[in-house]
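Source file: data.cif (mmCIF, C-alpha atoms)
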data_target
#
loop_
_atom_site.label_atom_id
_atom_site.label_comp_id
_atom_site.auth_asym_id
_atom_site.auth_seq_id
_atom_site.Cartn_x
_atom_site.Cartn_y
_atom_site.Cartn_z
CA ALA S 16 49.34 151.57 53.91
CA LEU S 17 51.51 148.84 52.35
CA HIS S 18 50.27 146.31 54.87
CA ARG S 19 46.63 147.21 54.26
CA ALA S 20 47.27 146.81 50.53
CA GLY S 21 48.46 143.24 51.13
CA LYS S 22 52.12 143.93 50.33
CA HIS S 23 55.08 142.22 51.99
CA VAL S 24 56.51 144.79 54.37
CA SER S 25 58.61 144.84 57.54
CA CYS S 26 59.39 147.70 59.89
CA CYS S 27 61.88 148.12 62.71
CA ILE S 28 63.01 151.09 64.76
CA LEU S 29 66.58 151.88 65.81
CA GLU S 30 66.46 153.87 69.03
CA ALA S 31 69.36 156.27 69.60
CA PRO S 32 69.84 159.40 71.74
CA HIS S 33 72.09 161.14 69.22
CA GLY S 34 69.63 163.23 67.22
CA HIS S 35 69.39 163.64 63.45
CA ASP S 36 72.71 161.96 62.61
CA ALA S 37 72.21 158.97 64.92
CA PHE S 38 72.65 156.56 62.00
CA LEU S 39 76.33 157.56 61.90
CA VAL S 40 76.79 156.37 65.50
CA GLU S 41 74.52 153.30 65.75
CA ILE S 42 76.49 151.54 63.04
CA LYS S 43 76.40 148.04 64.64
CA ASN S 44 72.61 147.78 64.82
CA MET S 45 72.28 149.59 61.50
CA SER S 46 74.53 147.15 59.63
CA GLU S 47 72.91 144.06 61.16
CA THR S 48 69.43 145.35 60.41
CA VAL S 49 70.20 146.30 56.81
CA HIS S 50 71.88 142.94 56.25
CA ALA S 51 68.73 141.17 57.47
CA PHE S 52 66.76 143.07 54.81
CA LEU S 53 69.41 142.23 52.19
CA PRO S 54 70.23 138.54 52.78
CA TRP S 55 72.02 138.18 49.45
CA VAL S 56 74.81 140.48 50.66
CA GLN S 57 77.65 138.29 51.91
CA THR S 58 79.45 139.11 55.15
CA GLU S 59 82.46 137.48 56.74
CA GLN S 60 80.91 137.30 60.19
CA LYS S 61 77.46 135.96 61.00
CA SER S 62 75.25 138.24 63.08
CA SER S 63 75.88 137.90 66.80
CA LEU S 64 72.12 138.17 67.29
CA SER S 65 71.41 134.79 65.75
CA VAL S 66 69.74 132.26 68.03
CA SER S 67 70.18 128.55 67.42
CA ASN S 68 66.94 126.59 66.98
CA ASP S 69 68.75 123.56 68.39
CA ALA S 70 68.29 125.17 71.80
CA LEU S 71 64.55 124.49 71.70
CA GLY S 72 63.56 122.26 74.60
CA ALA S 73 60.99 119.49 74.58
CA GLN S 74 58.31 121.75 76.06
CA GLU S 75 58.87 124.41 73.41
CA GLN S 76 58.71 121.83 70.63
CA GLU S 77 55.46 120.43 72.03
CA ARG S 78 53.96 123.91 72.30
CA TYR S 79 54.86 124.69 68.69
CA ARG S 80 53.46 121.34 67.55
CA LEU S 81 50.09 122.00 69.17
CA VAL S 82 49.86 125.48 67.67
CA VAL S 83 50.85 124.27 64.20
CA GLU S 84 48.23 121.50 64.34
CA SER S 85 45.56 124.10 65.16
CA VAL S 86 46.20 126.14 61.99
CA ARG S 87 44.73 125.20 58.61
CA ASP S 88 46.84 124.98 55.46
CA GLY S 89 47.57 128.18 53.59
CA ALA S 90 46.18 130.50 56.25
CA ARG S 91 47.16 134.11 56.88
CA VAL S 92 48.76 134.22 60.34
CA LEU S 93 49.62 137.02 62.74
CA ASP S 94 52.18 135.91 65.34
CA LEU S 95 52.22 138.31 68.29
CA CYS S 96 55.32 138.44 70.49
CA CYS S 97 56.84 136.23 67.80
CA GLY S 98 60.31 135.93 69.35
CA ASN S 99 62.95 134.79 66.87
CA GLY S 100 60.37 133.64 64.30
CA GLU S 101 60.67 129.91 64.89
CA LEU S 102 56.89 129.40 65.03
CA LEU S 103 56.42 131.39 61.81
CA SER S 104 59.05 129.19 60.15
CA GLN S 105 57.38 125.98 61.26
CA LEU S 106 53.97 127.21 60.11
CA ARG S 107 55.37 128.17 56.70
CA GLN S 108 57.19 124.86 56.32
CA LYS S 109 54.41 122.55 57.54
CA LYS S 110 51.22 124.46 56.67
CA GLY S 111 52.25 126.79 53.84
CA THR S 112 51.06 129.85 55.76
CA VAL S 113 51.80 133.49 55.04
CA GLY S 114 52.60 135.33 58.24
CA LEU S 115 53.48 138.58 59.94
CA GLY S 116 55.33 138.73 63.22
CA VAL S 117 55.08 141.45 65.85
CA ASP S 118 57.75 141.86 68.51
CA ILE S 119 59.23 144.70 70.53
CA ASP S 120 62.79 143.35 70.73
CA LEU S 121 65.12 144.52 67.94
CA ARG S 122 67.19 141.35 68.26
CA ASN S 123 64.13 139.23 67.56
CA VAL S 124 63.04 141.50 64.71
CA ILE S 125 66.39 141.12 62.95
CA GLU S 126 66.24 137.35 63.41
CA VAL S 127 62.71 137.16 61.98
CA ILE S 128 63.61 139.28 58.94
CA ASP S 129 66.71 137.17 58.42
CA LYS S 130 64.47 134.08 58.27
CA GLY S 131 62.45 135.64 55.46
CA HIS S 132 59.32 136.67 57.35
CA ASP S 133 57.53 140.00 57.49
CA VAL S 134 57.69 141.60 60.93
CA PHE S 135 56.73 144.84 62.66
CA GLN S 136 58.66 146.06 65.66
CA ALA S 137 55.93 147.28 67.99
CA ASP S 138 54.71 147.18 71.57
CA LEU S 139 51.67 144.91 71.72
CA ASP S 140 50.24 146.97 74.57
CA ASP S 141 49.94 149.93 72.19
CA GLY S 142 47.35 148.02 70.14
CA LEU S 143 47.13 146.82 66.53
CA SER S 144 45.59 149.88 64.87
CA ILE S 145 47.64 149.30 61.70
CA ILE S 146 45.72 146.07 61.04
CA PRO S 147 42.15 146.20 59.64
CA ASP S 148 39.30 144.17 61.14
CA GLY S 149 39.35 140.49 60.19
CA PHE S 150 42.53 140.86 58.13
CA TYR S 151 44.04 137.54 59.32
CA ASP S 152 42.72 134.02 59.57
CA TYR S 153 44.61 133.44 62.85
CA ALA S 154 46.20 135.61 65.50
CA ILE S 155 48.58 133.70 67.75
CA LEU S 156 49.88 134.70 71.17
CA SER S 157 52.13 131.94 72.44
CA SER S 158 53.23 132.02 76.10
CA ALA S 159 53.21 135.80 76.31
CA LEU S 160 49.72 136.72 77.60
CA GLN S 161 51.06 136.86 81.16
CA GLU S 162 53.80 139.30 80.09
CA VAL S 163 51.71 142.08 78.54
CA LYS S 164 50.52 145.05 80.61
CA ARG S 165 46.90 145.05 79.40
CA PRO S 166 45.91 141.46 78.56
CA ARG S 167 42.20 142.29 78.23
CA ASP S 168 42.91 144.94 75.59
CA VAL S 169 45.23 142.54 73.78
CA LEU S 170 42.48 139.90 73.61
CA ARG S 171 40.03 142.48 72.27
CA GLU S 172 42.46 143.45 69.53
CA MET S 173 43.19 139.83 68.64
CA VAL S 174 39.55 138.91 68.05
CA ARG S 175 39.13 142.12 66.07
CA VAL S 176 41.93 141.52 63.57
CA ALA S 177 41.58 137.73 63.17
CA ARG S 178 38.76 135.30 62.60
CA GLU S 179 40.26 132.89 65.13
CA CYS S 180 42.87 133.30 67.86
CA ILE S 181 45.20 130.76 69.45
CA ILE S 182 46.61 131.52 72.88
CA THR S 183 48.89 129.49 75.13
CA PHE S 184 49.74 130.40 78.70
CA PRO S 185 51.03 128.79 81.91
CA ASN S 186 48.15 127.79 84.20
CA PHE S 187 48.77 129.18 87.65
CA GLY S 188 45.89 127.06 88.97
CA ASN S 189 47.94 123.85 88.66
CA TRP S 190 47.86 121.84 91.89
CA ARG S 191 51.62 122.12 92.40
CA ASN S 192 51.46 125.91 92.42
CA ARG S 193 48.61 125.78 94.92
CA LEU S 194 50.55 123.35 97.10
CA VAL S 195 53.64 125.56 97.26
CA LEU S 196 51.58 128.65 98.04
CA GLY S 197 49.44 126.83 100.62
CA LEU S 198 52.11 124.85 102.47
CA VAL S 199 55.33 126.76 101.92
CA GLY S 200 53.86 130.24 101.57
CA ARG S 201 56.15 131.27 98.72
CA MET S 202 55.64 132.08 95.06
CA PRO S 203 56.05 128.79 93.13
CA LYS S 204 58.76 128.15 90.56
CA SER S 205 58.74 125.49 87.85
CA SER S 206 60.15 124.70 84.42
CA ILE S 207 57.61 127.06 82.78
CA LEU S 208 57.72 129.64 85.60
CA PRO S 209 61.42 129.59 86.47
CA HIS S 210 61.88 133.17 87.67
CA GLU S 211 61.97 134.66 91.14
CA TRP S 212 58.99 136.91 91.91
CA TYR S 213 61.22 140.02 91.87
CA ASP S 214 62.88 139.17 88.55
CA THR S 215 60.14 137.86 86.29
CA PRO S 216 58.58 139.05 83.00
CA ASN S 217 55.29 137.44 84.10
CA ILE S 218 53.17 140.29 85.49
CA HIS S 219 49.65 138.91 84.95
CA LEU S 220 49.61 135.23 85.83
CA THR S 221 46.20 133.62 85.41
CA THR S 222 44.39 130.33 85.84
CA LEU S 223 42.31 128.50 83.25
CA LYS S 224 39.11 129.42 85.11
CA ASP S 225 40.02 133.09 85.27
CA PHE S 226 40.76 133.15 81.54
CA ILE S 227 37.42 131.53 80.67
CA MET S 228 35.59 134.01 82.91
CA LEU S 229 37.31 136.94 81.17
CA CYS S 230 36.33 135.59 77.75
CA ASN S 231 32.68 135.28 78.85
CA ARG S 232 32.75 138.83 80.20
CA GLU S 233 34.22 140.19 76.94
CA GLY S 234 31.81 138.38 74.62
CA ILE S 235 34.54 136.04 73.36
CA GLU S 236 33.62 132.49 72.41
CA VAL S 237 35.94 129.66 73.49
CA LEU S 238 36.12 127.19 70.61
CA ASP S 239 38.44 124.64 72.15
CA THR S 240 40.69 124.11 75.17
CA VAL S 241 43.73 121.84 75.23
CA CYS S 242 45.09 121.12 78.71
CA ILE S 243 48.79 120.26 78.67
CA PRO S 244 50.09 118.34 81.71
CA GLY S 245 53.58 118.53 83.11
CA ASP S 246 55.87 115.57 83.66
CA VAL S 247 54.12 114.61 86.90
CA ILE S 248 51.66 111.70 86.64
CA LEU S 249 49.13 113.43 88.93
CA ASP S 250 48.72 116.18 86.31
CA LYS S 251 47.44 113.62 83.82
CA VAL S 252 45.18 112.00 86.43
CA PHE S 253 43.48 115.30 87.26
CA ILE S 254 42.95 116.10 83.58
CA LYS S 255 41.51 112.65 82.91
CA LEU S 256 39.08 113.20 85.79
CA GLY S 257 37.98 116.48 84.21
CA LEU S 258 39.78 118.63 86.80
CA CYS S 259 41.66 120.57 84.14
CA ASN S 260 42.36 123.67 86.23
CA LEU S 261 44.14 121.43 88.73
CA GLY S 262 46.03 119.26 86.28
CA ALA S 263 47.01 121.56 83.39
CA GLU S 264 50.50 123.01 83.63
CA ARG S 265 49.97 124.89 80.37
CA VAL S 266 46.85 125.62 78.36
CA LEU S 267 46.12 126.18 74.66
CA VAL S 268 42.83 127.96 73.98
CA ARG S 269 41.18 128.73 70.64
CA ILE S 270 38.85 131.72 70.75
CA THR S 271 36.83 133.93 68.39
CA ARG S 272 34.53 136.92 68.59
CA ARG S 273 31.06 135.78 69.66
CA SER S 274 28.52 136.37 66.90
CA SER S 275 25.76 138.82 67.71
CA GLY S 276 23.17 136.32 66.50
#

So that I can check it, write out the structure of this file as structure tokens.
Amino acid sequence: ALHRAGKHVSCCILEAPHGHDAFLVEIKNMSETVHAFLPWVQTEQKSSLSVSNDALGAQEQERYRLVVESVRDGARVLDLCCGNGELLSQLRQKKGTVGLGVDIDLRNVIEVIDKGHDVFQADLDDGLSIIPDGFYDYAILSSALQEVKRPRDVLREMVRVARECIITFPNFGNWRNRLVLGLVGRMPKSSILPHEWYDTPNIHLTTLKDFIMLCNREGIEVLDTVCIPGDVILDKVFIKLGLCNLGAERVLVRITRRSSG
């Protein structure tokens, strides 16, 4: 109700198996969470959950830059799977946006609150029923589409709650992935897909073509596509020749609900 009324509100959930008096036992998470809500309270020890922004690699910085450039000044932004809130911070600093983050990880939620952003702890696969239609100017899903259980439902919810959506994802159709599968016969690994097949959060890898086909099937309009090459020169050559599904290592796509007219 507070969110629908346009109020600043955050929500997180402390899971504990101890029943009614669980707050007496889960004191570590409780104290860190409350301190995030009350930043003016001084503590001797900084939260162990803090993540240094200096750890951002060149690829992460480039991904954030492209997303930030795609958002207009002063917009209302919904950042899904927002991580530690770094993108929300950059959008606020560079574009003066007002944002809400959504993430399932309590560690990330505490970090986002500590940075002064509103955030809901929630599972994206459960939907966004708390958010009214068209409530945000932008909904952003950055490098997490391949990790959700129901990506089609997530896309439907995104175009429902926001006028425009920005999505980035690794393109499994890149020529290097095809080469490894075709010649070596193994699941490819790279800087953006570094995990072994049995130990990866990526459960729905897609190609640029597959994503465009899904959008067409769901009545979603693709406004713009930015193909991001890797460090290999052949990536850039393929993209320059218009073979984006071969050359793009990562893709940024802007989408919106297709008008009935």

Which value, in Å to one decimal, gives the distance between atom CA of Gln136 of chain S and atom CA of Cys26 of chain S?
6.0 Å

Once the PyMOL selection byres ((chain S and resi 137-150) around 12) has been evaluated on this model, what residues remain selected, and can you format them as number ranges by chain?
S: 16-21, 25-29, 90-97, 114-121, 123-124, 134-136, 151-154, 156, 159-160, 162-180, 271-272

Considering all atoms listed in the file, can you say which of S:Lys224, S:Arg193, S:Arg78, S:Arg273 comes closest to Pro244 of chain S?
S:Arg78

To verify the selection step, state as a PDB file with C-alpha atoms, keeping the file's coordinate frame which residues the PyMOL selection byres ((chain S and resi 82) around 10) yields on this input.
ATOM      1  CA  GLU S  77      55.460 120.430  72.030  1.00  0.00           C
ATOM      2  CA  ARG S  78      53.960 123.910  72.300  1.00  0.00           C
ATOM      3  CA  TYR S  79      54.860 124.690  68.690  1.00  0.00           C
ATOM      4  CA  ARG S  80      53.460 121.340  67.550  1.00  0.00           C
ATOM      5  CA  LEU S  81      50.090 122.000  69.170  1.00  0.00           C
ATOM      6  CA  VAL S  83      50.850 124.270  64.200  1.00  0.00           C
ATOM      7  CA  GLU S  84      48.230 121.500  64.340  1.00  0.00           C
ATOM      8  CA  SER S  85      45.560 124.100  65.160  1.00  0.00           C
ATOM      9  CA  VAL S  86      46.200 126.140  61.990  1.00  0.00           C
ATOM     10  CA  LEU S 102      56.890 129.400  65.030  1.00  0.00           C
ATOM     11  CA  GLN S 105      57.380 125.980  61.260  1.00  0.00           C
ATOM     12  CA  LEU S 106      53.970 127.210  60.110  1.00  0.00           C
ATOM     13  CA  ILE S 155      48.580 133.700  67.750  1.00  0.00           C
ATOM     14  CA  LEU S 156      49.880 134.700  71.170  1.00  0.00           C
ATOM     15  CA  SER S 157      52.130 131.940  72.440  1.00  0.00           C
ATOM     16  CA  ILE S 181      45.200 130.760  69.450  1.00  0.00           C
ATOM     17  CA  ILE S 182      46.610 131.520  72.880  1.00  0.00           C
ATOM     18  CA  THR S 183      48.890 129.490  75.130  1.00  0.00           C
ATOM     19  CA  LEU S 267      46.120 126.180  74.660  1.00  0.00           C
ATOM     20  CA  VAL S 268      42.830 127.960  73.980  1.00  0.00           C
ATOM     21  CA  ARG S 269      41.180 128.730  70.640  1.00  0.00           C
TER      22      ARG S 269
END

Can you tell me how far atom CA of Leu229 of chain S sits from atom CA of Gly100 of chain S, in Å to one decimal?
28.8 Å

Give me the residues within 10 Å of Ser206 of chain S as number ranges by chain, counting only C-alpha atoms and dropping any in the same chain fewer than 4 places off.
S: 74, 210, 245, 264

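The coordinates place atom CA of Asp133 of chain S at 13.4 Å from atom CA of Thr48 of chain S.
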
With the PyMOL selection byres ((chain S and resi 88) around 6) as the selection, what would be picked from this file? Answer as a VMD selection string, please.
chain S and resid 87 89 to 90 110 to 111

Which one of S:Pro185, S:Val127, S:Val241, S:Asn99 sits closest to Asn217 of chain S if you count all atoms listed in the file?
S:Pro185

Find the residues around Thr221 of chain S up to 10 Å (all atoms listed in the file counted), leave out those fewer than 2 positions away in its own chain, and share them as a PyMOL selection string.
chain S and resi 160-161+184-188+217-219+223-226

Write the residues of the preceding selection, restricted to C-alpha atoms, as a compact mmCIF listing (two decimals), in the coordinates of the input.
# COMPACT_ATOMS: atom_id res chain seq x y z
CA LEU S 160 49.72 136.72 77.60
CA GLN S 161 51.06 136.86 81.16
CA PHE S 184 49.74 130.40 78.70
CA PRO S 185 51.03 128.79 81.91
CA ASN S 186 48.15 127.79 84.20
CA PHE S 187 48.77 129.18 87.65
CA GLY S 188 45.89 127.06 88.97
CA ASN S 217 55.29 137.44 84.10
CA ILE S 218 53.17 140.29 85.49
CA HIS S 219 49.65 138.91 84.95
CA LEU S 223 42.31 128.50 83.25
CA LYS S 224 39.11 129.42 85.11
CA ASP S 225 40.02 133.09 85.27
CA PHE S 226 40.76 133.15 81.54

Residue among S:Asn192, S:Asp129, S:Leu39, S:His23 lying closest to Asn260 of chain S, counting only C-alpha atoms
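Residue with the minimum atom-to-atom distance to Asn260 of chain S: S:Asn192.
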